[in-house]
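Participant: This structure is in structure tokens; I'll ask about it shortly.
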Amino acid sequence: MQNEVQFAGFGGQGIMLMGQILAQAAMQAGFEVVWIPSYGPEMRGGTAYCTVVTGDRPIGSPIIRNPRHLVAMNRPSLEKFAPSVKAGGVIFINSSIISIDAGRDDVDVLKVPIIELARDLGNVKVANIIALAAFVARSKIVDFALLEAAVKDKFSEKEKLIPLNMKALEEGRKAALKS
Amino acid sequence: MGKVLMKGNEAIGEAAIRAGCLNYFAYPITPQSEVAEYLARRMPEVGGVFLQGESEVAVSYMIFGAAACGERIFTTSSSPGISLMSEGISYISGAQCPAVFVNIMRGGPGLGGILPSQADYLQSTKGGGHGDYKLLVMAPASVQEAVEMVMRAFPLAEKYRNPVMILGDGLIGQMMEPVEFPDHLKVEPSNKNEWATNGMDTRKSKTRNLVKTMYLNPEELNAHNLKLKAKYEQMAREEILYENYNLDGKYKVLIVSYGTMSRVCRTAIDNLKANGLEVGMVRPQHVFPFPHQAINQAASKKSCQAVLSVEMCMGQMVEDVERSVLGKRPVHWYGKCGGEVPTPEEVMEEVERLLS
């Protein structure tokens, strides 16, 4: 079984980090995993995206045209990638800044106002962690405890940020279960 | 040490350190600049040296100098940078010094683009600089394989006293995969005292070592060229490396592909198998020396109707595949350039088209 997740948004929204944390958690879960950034001649303020592929056997093509899931952090990303998501996947929508729908009725759409939730936690920078947590809780792509471990690992050199990020994870998980 | 998630470029840098290489001279270029970023931080931690040259030409001669002194040395670059280094690579080959060059290929010719490509196949395997020389050329298809190849490249460069090239593409450099740095690939001290100009006192010797590329006497140069030729023939005997995929069944088409492209082909082969069509693959892990015999053998299988060379370039490997198949089966090419990586579906369509 292979799973592919496309993370997409503006540069600066922490897109690459979300993918890396998921890839780390997937590796700890014993999956084969590949993380691929977009490194093309992207424009500043344009779309930044990365793909995480997980599988129970060595991953062949690292180039994915039709991911199983999409985490859309801004509207251009949703418009660009929503049509390519496989039926039955999860489309996560950052509803704080995306006012449109996924335009799909064959996927599980999860809308979370991550910027407001992050602001409530006192730091808007953890919006991406809330999004990641909500997506993982809904898609169950990896065990949630492994996601927590991966976040701790990522922030191991900035330990004082860990409690805030743990709160963000919990906030995201709750949001996924609520909606 | 267990598995860690690392970007190809960073893993290549770490692998060189694990192989006992404490010298890295380079000039930045996308898509491999993270090697320099990583080693600029890491080399001082292990007592090594990172030096940024003023150009790739300069870097290639800084490497010549360090290699001539018996220092384990490597650099990384991408296609246009490797073209600039080719002059130095010719000198290093002529002087029989070991060094490791990593080419994380991007699209060309000229400045081309920054996305993955395999368009430097001929440059790497047939020369690139002037004169009669060859490089041992390794082509990794994953971050783990890149690590292992870098770690094996240093002892091989020292065994042959010849540069070794790692031929990766932008994706190998940019993607992250779990990697392990195998202990068994730890590298022994080099044989430098036999040839390096590292000082007679240093090696407690009364004989001078001489490193040079100039032989004005034609007989002497001819003899030198014959000596180099014998090394390349030894490589062709001892350093063939390839991987077979799905060659047990009655495959109708044989794919030859390497690097990232071979992974796409693997997915295509799996999907075709699920549809009831058997396709086999030989993946050269070393592209020089080339696995002619293995490909000939695989193409000769009765069920095999055609051979398809799949590359992220305009068919540079086709000649080598043809020289392997020796007319027994028709040889075709499929590929794309400029950073366009063919999808498994496109490879599948091409295989089906060949058979229709």
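Naming scheme: A, B, ... for chains in displayed order of the structure tokens; residues 1 onward per chain; ligands 1 onward as shown.
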Can you check which residues of chain B have any atom within 8 Å of chain A? Use only C-alpha atoms and format it as a list in words.
Facilitator: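 Applying the cut-off to the listed atoms yields Leu5, Ile114, Leu115, Leu171, Gln174, Met175, Met176, Glu177, Pro178, Thr260, Met261, Arg263, Val264, Cys265, Arg266, Thr267, Val341, Thr343 and Pro344 of chain B.
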Participant: I'd like the contact shell of B:Ile73 - 10 Å cut-off, only C-alpha atoms, skipping same-chain residues fewer than 5 positions apart - returned as a list of chain:residue names.
Facilitator: B:Ala16, B:Gly20, B:Cys21, B:Leu22, B:Asn23, B:Tyr24, B:Phe25, B:Val49, B:Met62, B:Ile63, B:Phe64, B:Gly65, B:Ala66, B:Ala67, B:Pro98, B:Ala99, B:Val100, B:Phe101, B:Phe154
Participant: Those same residues - N, CA and C atoms - I'd like them written as an mmCIF file, in the first residue's frame.
Facilitator:
```
data_model
loop_
_atom_site.group_PDB
_atom_site.id
_atom_site.type_symbol
_atom_site.label_atom_id
_atom_site.label_comp_id
_atom_site.auth_asym_id
_atom_site.auth_seq_id
_atom_site.Cartn_x
_atom_site.Cartn_y
_atom_site.Cartn_z
ATOM 1 N N ALA B 16 30.868 11.249 2.579
ATOM 2 C CA ALA B 16 32.275 11.507 2.266
ATOM 3 C C ALA B 16 33.096 11.581 3.556
ATOM 4 N N GLY B 20 36.220 9.011 5.331
ATOM 5 C CA GLY B 20 37.549 9.506 5.688
ATOM 6 C C GLY B 20 38.038 10.656 4.824
ATOM 7 N N CYS B 21 37.109 11.311 4.133
ATOM 8 C CA CYS B 21 37.494 12.457 3.310
ATOM 9 C C CYS B 21 37.272 13.737 4.104
ATOM 10 N N LEU B 22 38.325 14.459 4.386
ATOM 11 C CA LEU B 22 38.213 15.667 5.201
ATOM 12 C C LEU B 22 38.503 16.929 4.394
ATOM 13 N N ASN B 23 38.465 16.795 3.076
ATOM 14 C CA ASN B 23 38.694 17.963 2.225
ATOM 15 C C ASN B 23 37.581 18.080 1.198
ATOM 16 N N TYR B 24 36.931 19.223 1.187
ATOM 17 C CA TYR B 24 35.861 19.459 0.225
ATOM 18 C C TYR B 24 36.037 20.856 -0.337
ATOM 19 N N PHE B 25 36.367 20.931 -1.614
ATOM 20 C CA PHE B 25 36.494 22.222 -2.289
ATOM 21 C C PHE B 25 35.369 22.291 -3.317
ATOM 22 N N VAL B 49 38.327 20.458 6.065
ATOM 23 C CA VAL B 49 38.430 21.746 5.386
ATOM 24 C C VAL B 49 37.340 21.877 4.326
ATOM 25 N N MET B 62 42.431 22.973 -7.576
ATOM 26 C CA MET B 62 42.663 22.834 -6.130
ATOM 27 C C MET B 62 42.585 21.356 -5.746
ATOM 28 N N ILE B 63 41.668 20.662 -6.398
ATOM 29 C CA ILE B 63 41.527 19.232 -6.137
ATOM 30 C C ILE B 63 42.746 18.471 -6.638
ATOM 31 N N PHE B 64 43.230 18.856 -7.809
ATOM 32 C CA PHE B 64 44.443 18.230 -8.358
ATOM 33 C C PHE B 64 45.586 18.381 -7.354
ATOM 34 N N GLY B 65 45.739 19.581 -6.825
ATOM 35 C CA GLY B 65 46.813 19.834 -5.871
ATOM 36 C C GLY B 65 46.697 18.974 -4.626
ATOM 37 N N ALA B 66 45.503 18.954 -4.052
ATOM 38 C CA ALA B 66 45.304 18.176 -2.823
ATOM 39 C C ALA B 66 45.492 16.689 -3.097
ATOM 40 N N ALA B 67 44.954 16.229 -4.235
ATOM 41 C CA ALA B 67 45.051 14.808 -4.572
ATOM 42 C C ALA B 67 46.503 14.414 -4.794
ATOM 43 N N PRO B 98 43.849 10.008 -7.323
ATOM 44 C CA PRO B 98 42.480 9.669 -6.951
ATOM 45 C C PRO B 98 41.708 10.897 -6.486
ATOM 46 N N ALA B 99 40.463 11.012 -6.911
ATOM 47 C CA ALA B 99 39.590 12.090 -6.444
ATOM 48 C C ALA B 99 38.162 11.673 -6.774
ATOM 49 N N VAL B 100 37.203 12.244 -6.056
ATOM 50 C CA VAL B 100 35.806 11.898 -6.304
ATOM 51 C C VAL B 100 35.050 13.151 -6.721
ATOM 52 N N PHE B 101 34.363 13.066 -7.845
ATOM 53 C CA PHE B 101 33.538 14.154 -8.362
ATOM 54 C C PHE B 101 32.085 13.708 -8.342
ATOM 55 N N PHE B 154 35.792 6.350 -2.788
ATOM 56 C CA PHE B 154 37.148 6.733 -2.368
ATOM 57 C C PHE B 154 38.143 5.575 -2.490
#
```
Participant: With only C-alpha atoms as the counted atoms, please give the residues lying no more than 9 Å from stretch 186-197 of chain B, apart from itself and same-chain residues fewer than 6 positions off, as a count of residues only.
Facilitator: 23
Participant: Which of stretch 53-89 of chain A counts as helix (DSSP H, G or I) under DSSP, as a list in words please?
Facilitator: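 Restricting stretch 53-89 of chain A to helix (DSSP H, G or I) produces Arg75, Pro76, Ser77, Leu78, Glu79, Lys80, Phe81, Ala82, Pro83 and Ser84 of chain A.
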Participant: Go ahead and write the selection's residues with all heavy atoms as a short mmCIF file (atom, residue, chain, number, x, y, z; two decimals), in the first residue's frame.
Facilitator:
```cif
data_model
loop_
_atom_site.label_atom_id
_atom_site.label_comp_id
_atom_site.auth_asym_id
_atom_site.auth_seq_id
_atom_site.Cartn_x
_atom_site.Cartn_y
_atom_site.Cartn_z
N ARG A 75 -5.41 29.29 -1.38
CA ARG A 75 -6.39 29.05 -2.43
C ARG A 75 -5.79 28.58 -3.77
O ARG A 75 -6.29 27.62 -4.36
CB ARG A 75 -7.23 30.33 -2.62
CG ARG A 75 -8.28 30.17 -3.68
CD ARG A 75 -9.20 31.37 -3.75
NE ARG A 75 -10.01 31.27 -4.95
CZ ARG A 75 -11.15 31.92 -5.14
NH1 ARG A 75 -11.60 32.73 -4.19
NH2 ARG A 75 -11.83 31.76 -6.24
N PRO A 76 -4.68 29.22 -4.22
CA PRO A 76 -4.10 28.75 -5.49
C PRO A 76 -3.72 27.26 -5.44
O PRO A 76 -3.86 26.55 -6.43
CB PRO A 76 -2.86 29.62 -5.68
CG PRO A 76 -3.08 30.82 -4.83
CD PRO A 76 -3.96 30.41 -3.70
N SER A 77 -3.26 26.81 -4.27
CA SER A 77 -2.87 25.40 -4.14
C SER A 77 -4.08 24.49 -4.25
O SER A 77 -4.03 23.44 -4.88
CB SER A 77 -2.22 25.14 -2.78
OG SER A 77 -1.14 25.99 -2.61
N LEU A 78 -5.15 24.92 -3.60
CA LEU A 78 -6.37 24.11 -3.65
C LEU A 78 -6.87 24.02 -5.09
O LEU A 78 -7.21 22.94 -5.59
CB LEU A 78 -7.44 24.71 -2.73
CG LEU A 78 -8.74 23.90 -2.66
CD1 LEU A 78 -8.51 22.54 -2.02
CD2 LEU A 78 -9.82 24.67 -1.90
N GLU A 79 -6.88 25.17 -5.74
CA GLU A 79 -7.37 25.19 -7.13
C GLU A 79 -6.49 24.35 -8.04
O GLU A 79 -6.98 23.64 -8.92
CB GLU A 79 -7.41 26.64 -7.65
CG GLU A 79 -8.54 27.44 -7.02
CD GLU A 79 -8.49 28.93 -7.36
OE1 GLU A 79 -7.39 29.44 -7.68
OE2 GLU A 79 -9.55 29.56 -7.31
N LYS A 80 -5.19 24.41 -7.79
CA LYS A 80 -4.26 23.70 -8.66
C LYS A 80 -4.30 22.19 -8.45
O LYS A 80 -4.28 21.41 -9.40
CB LYS A 80 -2.83 24.22 -8.40
CG LYS A 80 -1.77 23.65 -9.34
CD LYS A 80 -0.43 24.35 -9.15
CE LYS A 80 0.65 23.71 -9.99
NZ LYS A 80 1.98 24.29 -9.72
N PHE A 81 -4.34 21.77 -7.18
CA PHE A 81 -4.12 20.35 -6.91
C PHE A 81 -5.39 19.54 -6.58
O PHE A 81 -5.37 18.32 -6.68
CB PHE A 81 -3.11 20.17 -5.77
CG PHE A 81 -1.74 20.67 -6.11
CD1 PHE A 81 -1.17 21.75 -5.45
CD2 PHE A 81 -1.00 20.06 -7.12
CE1 PHE A 81 0.10 22.21 -5.78
CE2 PHE A 81 0.27 20.51 -7.46
CZ PHE A 81 0.82 21.59 -6.79
N ALA A 82 -6.48 20.22 -6.17
CA ALA A 82 -7.67 19.45 -5.77
C ALA A 82 -8.15 18.49 -6.87
O ALA A 82 -8.49 17.34 -6.56
CB ALA A 82 -8.79 20.41 -5.35
N PRO A 83 -8.14 18.90 -8.14
CA PRO A 83 -8.62 17.97 -9.16
C PRO A 83 -7.75 16.72 -9.31
O PRO A 83 -8.22 15.71 -9.83
CB PRO A 83 -8.57 18.81 -10.46
CG PRO A 83 -8.53 20.23 -10.02
CD PRO A 83 -7.81 20.23 -8.71
N SER A 84 -6.49 16.78 -8.84
CA SER A 84 -5.59 15.64 -9.07
C SER A 84 -5.66 14.59 -7.95
O SER A 84 -5.10 13.51 -8.09
CB SER A 84 -4.15 16.13 -9.21
OG SER A 84 -3.71 16.69 -7.98
#
```
Participant: Atom CA of B:Asn296 and atom CA of B:Lys328, how far apart in Å?
Facilitator: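 Separation between atom CA of B:Lys328 and atom CA of B:Asn296: 8.3 Å.
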Participant: Rounded to one decimal, what separation in Å do you get between atom CA of B:Leu277 and atom CA of B:Glu350?
Facilitator: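 One can read the atom CA of B:Leu277 to atom CA of B:Glu350 distance as 12.9 Å.
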Participant: So which residues touch A:Ala48 within 9 Å, counting only C-alpha atoms, skipping near sequence neighbours fewer than 3 positions away, as a list in words?
Facilitator: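 What passes the distance filter is Phe7, Ala8, Gly9, Phe10, Gly11, Gly12, Gln13, Ile15, Met16, Pro37, Ser38, Tyr39, Glu42, Gly45 and Ser77 of chain A.
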Participant: Residues as selected, C-alpha atoms, written as a short mmCIF file (atom, residue, chain, number, x, y, z; two decimals), in the first residue's frame, can you do that?
Facilitator:
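Dumped everything to out_30.cif:
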```
data_model
loop_
_atom_site.label_atom_id
_atom_site.label_comp_id
_atom_site.auth_asym_id
_atom_site.auth_seq_id
_atom_site.Cartn_x
_atom_site.Cartn_y
_atom_site.Cartn_z
CA PHE A 7 1.49 19.76 0.87
CA ALA A 8 1.02 23.09 -0.85
CA GLY A 9 0.80 26.75 0.04
CA PHE A 10 2.69 30.04 -0.03
CA GLY A 11 6.40 30.15 0.62
CA GLY A 12 6.79 30.90 4.35
CA GLN A 13 3.80 28.89 5.55
CA ILE A 15 5.07 23.69 3.89
CA MET A 16 8.44 21.92 3.68
CA PRO A 37 10.42 19.38 -2.52
CA SER A 38 9.45 21.58 -5.40
CA TYR A 39 12.70 23.21 -6.31
CA GLU A 42 9.34 29.31 -8.25
CA GLY A 45 5.01 34.57 -3.10
CA SER A 77 -2.87 25.40 -4.14
#
```
Participant: Pick out the residues sitting within 9 Å of B:Tyr121, and hand them over as a ChimeraX atom specification; count only C-alpha atoms, and ignore anything fewer than 5 positions along from it in its own chain.
Facilitator: /B:126,167,287,313,316-317
Participant: A:Pro67, A:Gly103, A:Gly55, A:Gly172: which is nearest A:Arg138, counting only C-alpha atoms?
Facilitator: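 Ranked by minimum distance to A:Arg138, first place goes to A:Gly172.
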